[in-house]
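J.: For reference, the file data.txt (compact mmCIF, C-alpha atoms and all ligand atoms) is included below:
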# COMPACT_ATOMS: atom_id res chain seq x y z
CA MET A 11 -9.11 245.96 117.10
CA ASN A 12 -9.60 243.21 119.67
CA ILE A 13 -12.19 240.80 118.32
CA ILE A 14 -13.85 237.70 119.79
CA ILE A 15 -15.74 235.30 117.52
CA THR A 16 -17.70 232.33 118.84
CA GLY A 17 -18.51 229.26 116.76
CA ALA A 18 -15.21 229.59 114.89
CA SER A 19 -14.46 225.95 114.13
CA ARG A 20 -16.51 225.77 110.94
CA GLY A 21 -19.01 227.51 108.68
CA ILE A 22 -19.52 231.25 108.93
CA GLY A 23 -17.42 231.62 112.11
CA TYR A 24 -14.38 229.97 110.48
CA GLU A 25 -14.62 232.33 107.52
CA LEU A 26 -15.15 235.31 109.81
CA VAL A 27 -11.83 234.69 111.54
CA LYS A 28 -10.09 234.45 108.17
CA TRP A 29 -11.81 237.63 106.95
CA PHE A 30 -10.71 239.64 109.99
CA ALA A 31 -7.20 238.16 109.74
CA ARG A 32 -6.90 239.46 106.18
CA GLU A 33 -8.70 242.74 106.88
CA GLY A 34 -6.24 244.41 109.21
CA LYS A 35 -3.92 244.20 112.15
CA HIS A 36 -6.31 242.75 114.67
CA ASN A 37 -6.06 240.54 117.74
CA ILE A 38 -8.64 237.82 117.15
CA LEU A 39 -9.82 235.24 119.67
CA ALA A 40 -11.54 232.25 118.03
CA LEU A 41 -13.75 230.16 120.33
CA SER A 42 -15.48 226.82 119.89
CA ARG A 43 -15.17 223.33 121.36
CA SER A 44 -13.15 221.60 118.65
CA LYS A 45 -9.45 222.08 119.37
CA SER A 46 -8.17 220.44 116.19
CA LYS A 47 -10.35 222.57 113.91
CA LEU A 48 -9.31 225.71 115.77
CA GLN A 49 -5.65 224.77 115.33
CA GLU A 50 -6.21 224.32 111.60
CA LEU A 51 -7.96 227.69 111.48
CA GLN A 52 -5.13 229.36 113.38
CA ARG A 53 -2.58 228.05 110.88
CA GLU A 54 -4.66 229.07 107.89
CA ALA A 55 -5.65 232.52 109.17
CA THR A 56 -2.17 233.36 110.41
CA ASN A 57 -0.64 232.47 107.05
CA GLU A 58 -3.16 234.56 105.15
CA GLY A 59 -3.31 237.68 107.25
CA LYS A 60 -1.68 240.42 109.23
CA SER A 61 -3.53 239.68 112.48
CA ARG A 62 -2.69 237.69 115.58
CA VAL A 63 -5.08 234.78 115.90
CA PHE A 64 -5.57 233.24 119.33
CA ILE A 65 -7.63 230.11 119.84
CA LEU A 66 -9.33 228.73 122.92
CA PRO A 67 -11.29 225.50 122.92
CA PHE A 68 -14.24 226.54 125.04
CA ASP A 69 -17.76 225.20 125.58
CA LEU A 70 -20.25 228.06 125.80
CA VAL A 71 -22.71 225.82 127.62
CA ASN A 72 -20.56 224.02 130.20
CA GLY A 73 -17.33 226.05 130.17
CA ASN A 74 -16.12 228.03 133.15
CA PHE A 75 -16.26 231.64 132.03
CA ARG A 76 -14.51 233.07 135.11
CA ASP A 77 -11.64 230.59 135.40
CA GLU A 78 -11.08 229.52 131.75
CA LEU A 79 -12.22 232.34 129.49
CA LEU A 80 -11.51 235.53 131.45
CA PRO A 81 -7.84 234.85 132.26
CA PHE A 82 -7.23 234.17 128.56
CA VAL A 83 -9.05 237.36 127.53
CA ASN A 84 -7.15 239.37 130.14
CA ALA A 85 -3.85 238.06 128.86
CA HIS A 86 -4.42 238.60 125.15
CA LEU A 87 -7.17 241.18 124.48
CA PRO A 88 -8.01 242.93 127.74
CA LYS A 89 -10.36 245.42 126.02
CA VAL A 90 -12.82 243.89 123.60
CA ASP A 91 -13.86 246.04 120.61
CA VAL A 92 -15.98 243.47 118.77
CA LEU A 93 -17.79 240.36 119.99
CA ILE A 94 -19.62 238.25 117.40
CA ASN A 95 -21.97 235.76 119.01
CA ASN A 96 -22.03 233.40 116.06
CA ALA A 97 -22.08 229.90 117.63
CA GLY A 98 -25.36 228.18 116.95
CA LYS A 99 -27.22 224.90 117.29
CA LEU A 100 -30.01 223.69 115.00
CA ILE A 101 -32.00 220.48 115.40
CA ASN A 102 -34.49 219.96 112.58
CA LYS A 103 -37.50 218.43 114.37
CA ARG A 104 -41.15 219.19 114.62
CA ILE A 105 -42.21 220.70 117.95
CA GLU A 106 -44.23 217.64 119.05
CA ASP A 107 -41.20 215.36 118.53
CA THR A 108 -38.65 217.55 120.33
CA SER A 109 -37.34 216.24 123.66
CA ASP A 110 -36.53 218.42 126.67
CA ASP A 111 -32.82 217.82 126.03
CA GLU A 112 -33.12 218.89 122.39
CA PHE A 113 -34.99 222.01 123.45
CA ASP A 114 -32.31 222.84 126.05
CA ALA A 115 -29.43 222.11 123.65
CA GLN A 116 -30.68 224.75 121.22
CA PHE A 117 -31.63 227.37 123.82
CA ASN A 118 -28.33 226.80 125.67
CA VAL A 119 -26.17 227.57 122.65
CA ASN A 120 -28.38 230.10 120.90
CA ILE A 121 -29.38 232.38 123.77
CA LYS A 122 -27.92 231.29 127.12
CA GLY A 123 -24.35 231.16 125.73
CA PRO A 124 -24.52 234.75 124.40
CA PHE A 125 -26.02 235.87 127.72
CA LYS A 126 -23.23 234.18 129.70
CA ILE A 127 -20.41 235.55 127.56
CA VAL A 128 -21.62 239.17 127.58
CA ARG A 129 -22.17 238.96 131.33
CA ALA A 130 -18.66 237.57 131.81
CA LEU A 131 -17.11 240.24 129.58
CA TYR A 132 -19.08 243.14 131.13
CA GLU A 133 -15.98 244.92 132.46
CA HIS A 134 -13.91 244.13 129.38
CA PHE A 135 -15.74 245.95 126.61
CA ALA A 136 -13.94 248.96 125.17
CA GLU A 137 -15.58 252.35 124.64
CA ASN A 138 -17.70 252.06 121.45
CA ALA A 139 -17.53 248.28 121.45
CA HIS A 140 -19.90 246.46 119.11
CA ILE A 141 -21.64 243.20 119.98
CA VAL A 142 -23.12 241.47 116.94
CA ASN A 143 -25.54 238.64 117.63
CA ILE A 144 -26.15 236.21 114.79
CA THR A 145 -29.79 235.32 114.61
CA SER A 146 -31.85 233.83 111.82
CA MET A 147 -34.71 234.89 109.57
CA GLY A 148 -36.71 232.21 111.44
CA GLY A 149 -36.22 234.30 114.59
CA TYR A 150 -37.39 237.47 112.89
CA GLN A 151 -40.92 238.50 113.79
CA GLY A 152 -43.39 238.12 110.94
CA SER A 153 -41.06 236.10 108.70
CA ILE A 154 -42.22 232.87 107.09
CA LYS A 155 -41.74 229.91 109.47
CA PHE A 156 -40.49 226.46 108.42
CA PRO A 157 -41.80 223.18 109.88
CA GLY A 158 -38.99 221.51 111.86
CA LEU A 159 -37.37 224.78 112.85
CA GLY A 160 -39.88 225.79 115.57
CA ILE A 161 -37.64 225.50 118.63
CA TYR A 162 -34.53 226.72 116.79
CA SER A 163 -36.50 229.74 115.54
CA ALA A 164 -37.89 230.41 119.03
CA SER A 165 -34.36 230.43 120.44
CA LYS A 166 -33.27 232.81 117.68
CA GLY A 167 -36.29 234.99 118.46
CA ALA A 168 -35.02 235.10 122.05
CA ILE A 169 -31.63 236.44 121.01
CA SER A 170 -33.30 239.02 118.79
CA ILE A 171 -35.19 240.47 121.76
CA PHE A 172 -32.12 240.06 123.98
CA THR A 173 -30.30 242.31 121.49
CA GLU A 174 -32.85 245.08 121.92
CA ALA A 175 -32.78 244.75 125.72
CA LEU A 176 -29.00 244.66 126.06
CA ALA A 177 -28.56 247.68 123.78
CA GLU A 178 -30.93 249.63 126.02
CA GLU A 179 -29.19 248.57 129.23
CA TRP A 180 -25.67 249.26 127.99
CA LYS A 181 -26.20 252.36 125.87
CA GLU A 182 -24.90 254.60 128.66
CA ARG A 183 -21.66 252.64 128.61
CA ASN A 184 -21.30 253.23 124.86
CA VAL A 185 -21.46 249.54 124.11
CA PHE A 186 -23.52 248.96 120.96
CA VAL A 187 -25.52 245.79 120.30
CA ASN A 188 -27.13 244.68 117.05
CA ALA A 189 -28.32 241.42 115.53
CA LEU A 190 -28.17 240.16 111.97
CA ALA A 191 -30.99 237.81 111.00
CA LEU A 192 -29.43 235.63 108.32
CA GLY A 193 -31.18 233.85 105.51
CA ALA A 194 -29.83 230.46 104.38
CA VAL A 195 -26.06 230.05 103.96
CA GLN A 196 -24.47 226.89 102.50
CA THR A 197 -22.71 225.59 105.64
CA GLU A 198 -22.49 222.21 107.34
CA MET A 199 -25.31 223.29 109.67
CA LEU A 200 -27.58 223.76 106.66
CA SER A 201 -26.54 220.58 104.84
CA GLU A 202 -26.85 218.45 108.02
CA ALA A 203 -30.37 219.78 108.67
CA PHE A 204 -31.49 219.89 105.01
CA PRO A 205 -29.32 217.51 102.94
CA GLN A 206 -31.22 218.28 99.72
CA MET A 207 -30.97 222.03 100.02
CA ASN A 208 -28.57 224.11 97.95
CA VAL A 209 -28.41 227.85 98.35
CA ASP A 210 -26.23 230.34 96.57
CA THR A 211 -24.82 232.22 99.56
CA ALA A 212 -21.39 230.89 100.55
CA PRO A 213 -20.05 231.18 104.12
CA ASP A 214 -17.15 233.43 103.08
CA GLU A 215 -19.53 235.86 101.35
CA MET A 216 -21.71 236.08 104.43
CA ALA A 217 -18.64 236.39 106.66
CA ALA A 218 -17.41 239.38 104.66
CA TYR A 219 -20.76 241.11 105.10
CA ILE A 220 -20.89 240.37 108.85
CA GLY A 221 -17.27 241.41 109.34
CA GLN A 222 -17.78 244.78 107.68
CA PHE A 223 -20.97 245.31 109.66
CA ALA A 224 -19.19 244.48 112.92
CA LEU A 225 -16.56 247.14 112.22
CA THR A 226 -18.90 249.93 111.09
CA GLY A 227 -22.58 249.12 111.71
CA HIS A 228 -22.72 250.54 115.23
CA ARG A 229 -22.19 254.05 113.82
CA PHE A 230 -25.64 253.75 112.28
CA TYR A 231 -27.56 251.17 114.32
CA ASN A 232 -28.07 250.20 117.97
CA GLY A 233 -30.51 247.64 119.33
CA LYS A 234 -31.57 246.67 115.82
CA VAL A 235 -32.36 243.27 114.36
CA LEU A 236 -31.56 243.49 110.65
CA PRO A 237 -32.69 240.90 108.09
CA VAL A 238 -29.89 239.76 105.77
CA THR A 239 -31.63 237.98 102.93
CA ASN A 240 -32.88 238.70 99.47
CA SER A 241 -35.17 235.70 99.25
CA THR A 242 -36.90 234.76 102.51
CA PRO A 243 -40.27 236.53 102.81
N1 LIG A 301 -26.19 228.40 107.80
C1 LIG A 301 -27.37 229.00 107.72
O1 LIG A 301 -28.13 228.81 106.77
C2 LIG A 301 -27.79 229.97 108.80
C3 LIG A 301 -28.95 230.72 108.60
C4 LIG A 301 -29.35 231.60 109.59
C5 LIG A 301 -28.60 231.76 110.74
N2 LIG A 301 -27.48 231.01 110.92
C6 LIG A 301 -26.71 231.19 112.15
O2 LIG A 301 -25.39 231.56 111.82
C7 LIG A 301 -24.50 231.07 112.83
C8 LIG A 301 -23.40 230.24 112.18
O3 LIG A 301 -24.02 229.19 111.46
P1 LIG A 301 -23.22 228.07 110.65
O4 LIG A 301 -24.15 227.59 109.61
O5 LIG A 301 -21.88 228.54 110.32
O6 LIG A 301 -23.16 226.94 111.79
P2 LIG A 301 -22.22 225.64 111.99
O7 LIG A 301 -21.47 225.34 110.74
O8 LIG A 301 -23.07 224.57 112.57
O9 LIG A 301 -21.19 226.16 113.10
C9 LIG A 301 -21.64 226.34 114.40
C10 LIG A 301 -20.47 226.68 115.28
O10 LIG A 301 -20.94 226.79 116.63
C11 LIG A 301 -20.03 226.11 117.49
N3 LIG A 301 -20.72 225.64 118.70
C12 LIG A 301 -21.81 224.85 118.76
N4 LIG A 301 -22.08 224.55 120.04
C13 LIG A 301 -21.13 225.17 120.80
C14 LIG A 301 -20.86 225.22 122.19
N5 LIG A 301 -21.62 224.57 123.09
N6 LIG A 301 -19.81 225.93 122.63
C15 LIG A 301 -19.02 226.58 121.74
N7 LIG A 301 -19.22 226.57 120.41
C16 LIG A 301 -20.26 225.85 119.95
C17 LIG A 301 -19.50 224.96 116.63
O11 LIG A 301 -18.21 224.56 117.06
P3 LIG A 301 -17.87 223.27 117.95
O12 LIG A 301 -18.78 222.17 117.53
O13 LIG A 301 -16.42 223.02 117.64
O14 LIG A 301 -18.06 223.72 119.36
C18 LIG A 301 -19.38 225.61 115.27
O15 LIG A 301 -18.12 226.24 115.14
C19 LIG A 301 -25.35 230.25 113.79
O16 LIG A 301 -25.72 231.06 114.89
C20 LIG A 301 -26.58 229.92 112.97
O17 LIG A 301 -27.72 229.68 113.77
C21 LIG A 301 -27.04 230.13 109.96
Transcribe the structure of this file into structure tokens.
Ligand SMILES: NC(=O)c1ccc[n+]([C@@H]2O[C@H](COP(=O)([O-])OP(=O)(O)OC[C@H]3O[C@@H](n4cnc5c(N)ncnc54)[C@H](OP(=O)(O)O)[C@@H]3O)[C@@H](O)[C@H]2O)c1

T.:
Amino acid sequence: MNIIITGASRGIGYELVKWFAREGKHNILALSRSKSKLQELQREATNEGKSRVFILPFDLVNGNFRDELLPFVNAHLPKVDVLINNAGKLINKRIEDTSDDEFDAQFNVNIKGPFKIVRALYEHFAENAHIVNITSMGGYQGSIKFPGLGIYSASKGAISIFTEALAEEWKERNVFVNALALGAVQTEMLSEAFPQMNVDTAPDEMAAYIGQFALTGHRFYNGKVLPVTNSTP
């Protein structure tokens, strides 16, 4: 399989690359801005697995999709079987204290980035490709909402609806699109936003679940936003 994972320099994305590297003979492209962390990941994942791991330092907000990303994709994985839109940005601030820039920073990474990458890759998806968007329980309609996560949750709500819309538009092309709405996972994102919080889901456990879903979930779901939590109401 040819697999692209965004937000690969740490947390769930880092573990996802390692999971796919161990899982089979895949071509994996790991994207995020931090070159040094991607290099470390490439070393680790290549040692552990049977896959080829490519890395590209790339900014989903300001990067040039046509001139930087597409030539790399064309060279290494011209047909994309799996895209996991995992990169995310969370700023823990109440709505009345959030600046325009903080609003844009979250919406840019959490919804505009996924929009720009699927648009750029339009011609590159393989038959039966699966796009998995990583959203949050905060962006799941009717879930409990947490003070400080209003704008983050709104941006995750946007990608949830985007998932439904894209699945509808691309169903005739046999490109499948689903979203997983994650509950809390013990990553740097969580500990930076909530230093006191400790949860019992580790990033590698969540990565294994997402990885398996990315390989098989589109046989059973399309255009669905699925909650992945056993605690958040
Ligand atoms: N952890 C949780 O409790 C939790 C719960 C629900 C949902 N989620 C979602 O799960 C996903 C992964 O979360 P995580 O906790 O693993 O997050 P994380 O540790 O903060 O990792 C986020 C990743 O996104 C990348 N990223 C951020 N801005 C970027 C940009 N402009 N261009 C390219 N890459 C960018 C970061 O890499 P660089 O800085 O190197 O670019 C990093 O690799 C996110 O979408 C998050 O919203 C997490």

J.: Set the cut-off to 6 Å, count all atoms listed in the file, and list whatever residues fall near ligand LIG 301 (chain A) as a PyMOL selection string.

T.: chain A and resi 17-23+42-44+68-71+96-99+119+144-146+192-200

J.: Could you name the residues that touch range 216-223 of chain A at 6 Å or less, counting only C-alpha atoms, but leaving out those on the same chain fewer than 4 positions away, as an MDAnalysis selection string?

T.: chainID A and resid 22 25:26 227

J.: Identify, on the basis of only C-alpha atoms, every residue whose closest approach to His140 in chain A does not exceed 10 Å; exclude the query and any residue fewer than 5 positions from it along the same chain; express the result as a list in words.

T.: Ile13, Val90, Asp91, Val92, Leu93, Ile94, Phe135, Ala177, Asn184, Val185, Phe186, Val187, Asn188, Phe223, Ala224, Leu225, Thr226, Gly227, His228, Arg229 and Asn232 of chain A

J.: Report the distance between CA of Ser165 in chain A and CA of Phe75 in chain A in Å, rounded to one decimal place.

T.: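 Straight-line distance from CA of Ser165 in chain A to CA of Phe75 in chain A works out to 21.5 Å.
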
J.: Could you give me, as a compact mmCIF listing (two decimals) with C-alpha atoms, keeping the file's coordinate frame, the residues within 7 Å of Gly34 in chain A, counting all atoms listed in the file and dropping anything in the same chain fewer than 3 positions from it?

T.:
# COMPACT_ATOMS: atom_id res chain seq x y z
CA PHE A 30 -10.71 239.64 109.99
CA ALA A 31 -7.20 238.16 109.74
CA LYS A 60 -1.68 240.42 109.23
CA SER A 61 -3.53 239.68 112.48
